[in-house]
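To be precise, the following lines are query09.cif, and they hold mmCIF, C-alpha atoms.
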data_upload
loop_
_atom_site.group_PDB
_atom_site.id
_atom_site.type_symbol
_atom_site.label_atom_id
_atom_site.label_comp_id
_atom_site.auth_asym_id
_atom_site.auth_seq_id
_atom_site.Cartn_x
_atom_site.Cartn_y
_atom_site.Cartn_z
ATOM 1 C CA MET P 1 159.379 51.053 81.666
ATOM 2 C CA SER P 2 157.427 48.127 83.067
ATOM 3 C CA THR P 3 159.109 45.018 84.419
ATOM 4 C CA ALA P 4 157.767 41.614 85.425
ATOM 5 C CA THR P 5 157.097 42.999 88.924
ATOM 6 C CA THR P 6 156.031 46.575 88.147
ATOM 7 C CA ALA P 7 153.741 48.475 85.802
ATOM 8 C CA SER P 8 154.589 51.703 83.992
ATOM 9 C CA VAL P 9 152.549 54.794 83.124
ATOM 10 C CA SER P 10 152.669 57.491 80.455
ATOM 11 C CA THR P 11 150.228 60.167 79.356
ATOM 12 C CA HIS P 12 149.610 62.971 76.907
ATOM 13 C CA ILE P 13 147.030 65.749 76.643
ATOM 14 C CA LEU P 14 145.209 67.017 73.584
ATOM 15 C CA ASP P 15 143.327 70.304 73.929
ATOM 16 C CA THR P 16 140.292 69.435 71.814
ATOM 17 C CA SER P 17 139.019 73.021 71.828
ATOM 18 C CA ILE P 18 141.887 74.026 69.539
ATOM 19 C CA GLY P 19 142.971 70.637 68.190
ATOM 20 C CA ARG P 20 146.509 70.956 69.556
ATOM 21 C CA PRO P 21 148.644 69.384 72.290
ATOM 22 C CA ALA P 22 148.391 71.020 75.708
ATOM 23 C CA GLU P 23 151.872 72.195 76.641
ATOM 24 C CA GLY P 24 152.986 73.027 80.170
ATOM 25 C CA VAL P 25 150.313 71.185 82.169
ATOM 26 C CA ALA P 26 151.682 70.031 85.520
ATOM 27 C CA ILE P 27 150.978 66.390 86.299
ATOM 28 C CA SER P 28 151.571 64.556 89.564
ATOM 29 C CA LEU P 29 151.660 60.797 90.019
ATOM 30 C CA SER P 30 150.553 58.874 93.094
ATOM 31 C CA ALA P 31 150.300 55.142 93.748
ATOM 32 C CA ARG P 32 148.967 52.731 96.326
ATOM 33 C CA SER P 33 149.198 49.006 96.955
ATOM 34 C CA GLY P 34 145.591 47.980 97.513
ATOM 35 C CA SER P 35 142.152 49.550 97.684
ATOM 36 C CA GLY P 36 142.444 50.538 101.335
ATOM 37 C CA ALA P 37 146.083 51.637 101.272
ATOM 38 C CA GLU P 38 147.231 55.233 101.578
ATOM 39 C CA TRP P 39 148.202 57.130 98.436
ATOM 40 C CA LYS P 40 151.935 57.787 98.108
ATOM 41 C CA ALA P 41 153.010 60.801 96.047
ATOM 42 C CA LEU P 42 155.763 59.701 93.674
ATOM 43 C CA GLY P 43 156.513 62.989 91.934
ATOM 44 C CA GLY P 44 155.486 64.635 88.729
ATOM 45 C CA SER P 45 156.342 66.447 85.572
ATOM 46 C CA ALA P 46 154.766 68.695 82.957
ATOM 47 C CA THR P 47 153.678 68.165 79.369
ATOM 48 C CA ASP P 48 156.084 69.108 76.604
ATOM 49 C CA ALA P 49 155.337 70.920 73.323
ATOM 50 C CA ASP P 50 153.802 67.702 71.972
ATOM 51 C CA GLY P 51 151.508 67.406 75.028
ATOM 52 C CA ARG P 52 153.448 64.384 76.267
ATOM 53 C CA CYS P 53 154.777 63.686 79.715
ATOM 54 C CA LYS P 54 157.679 61.329 79.119
ATOM 55 C CA ASP P 55 159.433 61.421 82.473
ATOM 56 C CA LEU P 56 156.922 60.335 85.085
ATOM 57 C CA PRO P 57 158.475 58.501 88.048
ATOM 58 C CA ALA P 58 158.613 54.707 88.041
ATOM 59 C CA LEU P 59 155.941 52.840 89.972
ATOM 60 C CA PRO P 60 157.092 50.913 93.028
ATOM 61 C CA GLU P 61 156.732 47.156 93.187
ATOM 62 C CA GLY P 62 153.337 46.158 94.578
ATOM 63 C CA THR P 63 151.429 49.089 93.014
ATOM 64 C CA THR P 64 147.811 48.193 92.287
ATOM 65 C CA HIS P 65 146.269 51.640 91.775
ATOM 66 C CA VAL P 66 147.600 54.815 90.164
ATOM 67 C CA ARG P 67 146.321 58.390 90.252
ATOM 68 C CA LEU P 68 147.288 61.077 87.759
ATOM 69 C CA ASP P 69 146.463 64.634 88.832
ATOM 70 C CA PHE P 70 146.383 67.149 85.974
ATOM 71 C CA GLU P 71 146.561 70.834 87.000
ATOM 72 C CA THR P 72 144.383 72.238 84.208
ATOM 73 C CA GLU P 73 143.368 75.641 85.598
ATOM 74 C CA ALA P 74 146.742 77.343 85.105
ATOM 75 C CA TYR P 75 146.904 75.973 81.550
ATOM 76 C CA PHE P 76 143.481 77.356 80.624
ATOM 77 C CA LEU P 77 144.087 80.713 82.274
ATOM 78 C CA SER P 78 147.282 81.097 80.238
ATOM 79 C CA LYS P 79 145.480 80.124 77.028
ATOM 80 C CA GLN P 80 142.185 81.913 77.671
ATOM 81 C CA GLU P 81 142.640 84.820 75.269
ATOM 82 C CA LYS P 82 144.333 82.787 72.527
ATOM 83 C CA GLN P 83 141.633 80.097 72.619
ATOM 84 C CA ALA P 84 138.803 82.599 72.228
ATOM 85 C CA GLU P 85 140.525 83.936 69.119
ATOM 86 C CA ALA P 86 141.150 80.424 67.752
ATOM 87 C CA GLN P 87 137.489 79.435 67.943
ATOM 88 C CA GLN P 88 135.210 81.010 65.338
ATOM 89 C CA ASP P 89 132.118 81.188 67.490
ATOM 90 C CA ALA P 90 133.785 81.565 70.889
ATOM 91 C CA PRO P 91 132.894 84.522 73.073
ATOM 92 C CA ALA P 92 135.593 87.143 73.368
ATOM 93 C CA ASN P 93 135.735 86.655 77.142
ATOM 94 C CA ARG P 94 135.032 83.412 78.937
ATOM 95 C CA ASP P 95 133.297 83.397 82.301
ATOM 96 C CA SER P 96 136.105 81.278 83.786
ATOM 97 C CA GLY P 97 139.447 79.789 82.846
ATOM 98 C CA ALA P 98 138.252 76.224 83.248
ATOM 99 C CA PHE P 99 135.174 74.518 84.589
ATOM 100 C CA PHE P 100 137.447 71.715 85.832
ATOM 101 C CA PRO P 101 140.454 73.378 87.534
ATOM 102 C CA GLU P 102 142.005 69.956 88.008
ATOM 103 C CA VAL P 103 141.406 66.469 86.688
ATOM 104 C CA ALA P 104 142.189 63.378 88.767
ATOM 105 C CA ILE P 105 142.228 60.020 87.021
ATOM 106 C CA THR P 106 142.496 56.849 89.100
ATOM 107 C CA PHE P 107 142.992 53.418 87.543
ATOM 108 C CA ALA P 108 144.070 49.885 88.404
ATOM 109 C CA VAL P 109 147.345 48.409 87.154
ATOM 110 C CA LYS P 110 148.958 44.980 86.931
ATOM 111 C CA PRO P 111 152.680 44.161 86.992
ATOM 112 C CA GLY P 112 154.308 43.794 83.599
ATOM 113 C CA GLU P 113 151.791 46.070 81.838
ATOM 114 C CA HIS P 114 152.287 49.553 80.396
ATOM 115 C CA TYR P 115 149.419 52.032 80.800
ATOM 116 C CA HIS P 116 149.204 55.000 78.464
ATOM 117 C CA VAL P 117 146.384 57.258 79.654
ATOM 118 C CA PRO P 118 145.619 60.137 77.240
ATOM 119 C CA LEU P 119 143.517 63.078 78.405
ATOM 120 C CA LEU P 120 141.299 64.784 75.813
ATOM 121 C CA LEU P 121 140.632 68.181 77.349
ATOM 122 C CA ASN P 122 138.588 71.310 76.711
ATOM 123 C CA PRO P 123 137.512 74.097 79.074
ATOM 124 C CA PHE P 124 134.162 72.468 79.863
ATOM 125 C CA GLY P 125 134.799 68.738 79.606
ATOM 126 C CA TYR P 126 137.308 65.944 79.333
ATOM 127 C CA SER P 127 137.632 62.304 78.374
ATOM 128 C CA VAL P 128 140.260 59.665 79.117
ATOM 129 C CA TYR P 129 140.953 56.182 77.868
ATOM 130 C CA ARG P 130 143.580 53.473 78.019
ATOM 131 C CA GLY P 131 145.720 54.028 74.970
ATOM 132 C CA SER P 132 148.577 52.035 73.548
#
Show the structure stored in the file as structure tokens.
Amino acid sequence: MSTATTASVSTHILDTSIGRPAEGVAISLSARSGSGAEWKALGGSATDADGRCKDLPALPEGTTHVRLDFETEAYFLSKQEKQAEAQQDAPANRDSGAFFPEVAITFAVKPGEHYHVPLLLNPFGYSVYRGS
């Protein structure tokens, strides 16, 4: 929850290759207070059955930049066989579990604002945006 002196962050992941939420993806949250400052790991969580990560740590006062690290490789390796079956024209065996084994998203924040950052993910691409 954001306050007048801090921002807040939430996220969710949709696996666009199967049109379903991505459950069990580990996410870590880091923050810094300025472009040249060191990143500080704040903790993390994992997505639930709805692809949402509702319990990310609070951002400290003075945070100006946030980084979300999504550990996508383990998710895709666990889903590899099921996804090939779910896609009509998918090959029976993929050449890898994920082209992007991890996704790091860095963005600027302002105190008092909430930032919802959805990740639209598939084995060979991704997209992010500032949601609501």
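Against this structure, the PyMOL selection byres ((chain P and resi 131) around 10) ends up with P:Ser10, P:Thr11, P:His12, P:His114, P:Tyr115, P:His116, P:Val117, P:Pro118, P:Leu119, P:Val128, P:Tyr129, P:Arg130, P:Ser132.
CA of Lys40 in chain P is found 29.4 Å from CA of Phe124 in chain P.
Using only C-alpha atoms for every distance, the candidate list P:Leu120, P:Val103, P:Ala58, P:Leu68 yields P:Ala58 as the residue closest to Ser8 in chain P.
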Subject >> Point-to-point distance from CA of Ile27 in chain P to CA of Pro123 in chain P, Å rounded to tenths >> reply: 17.1 Å
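Note on the selection: in this file the PyMOL selection byres ((chain P and resi 21) around 12) comes out as Thr11, His12, Ile13, Leu14, Asp15, Thr16, Ser17, Ile18, Gly19, Arg20, Ala22, Glu23, Gly24, Val25, Thr47, Asp48, Ala49, Asp50, Gly51, Arg52, Cys53, Tyr75, Pro118, Leu119, Leu120, Leu121 and Asn122 of chain P.
Taking CA of Thr63 in chain P and CA of Ser33 in chain P as the two end points, the separation is 4.5 Å.
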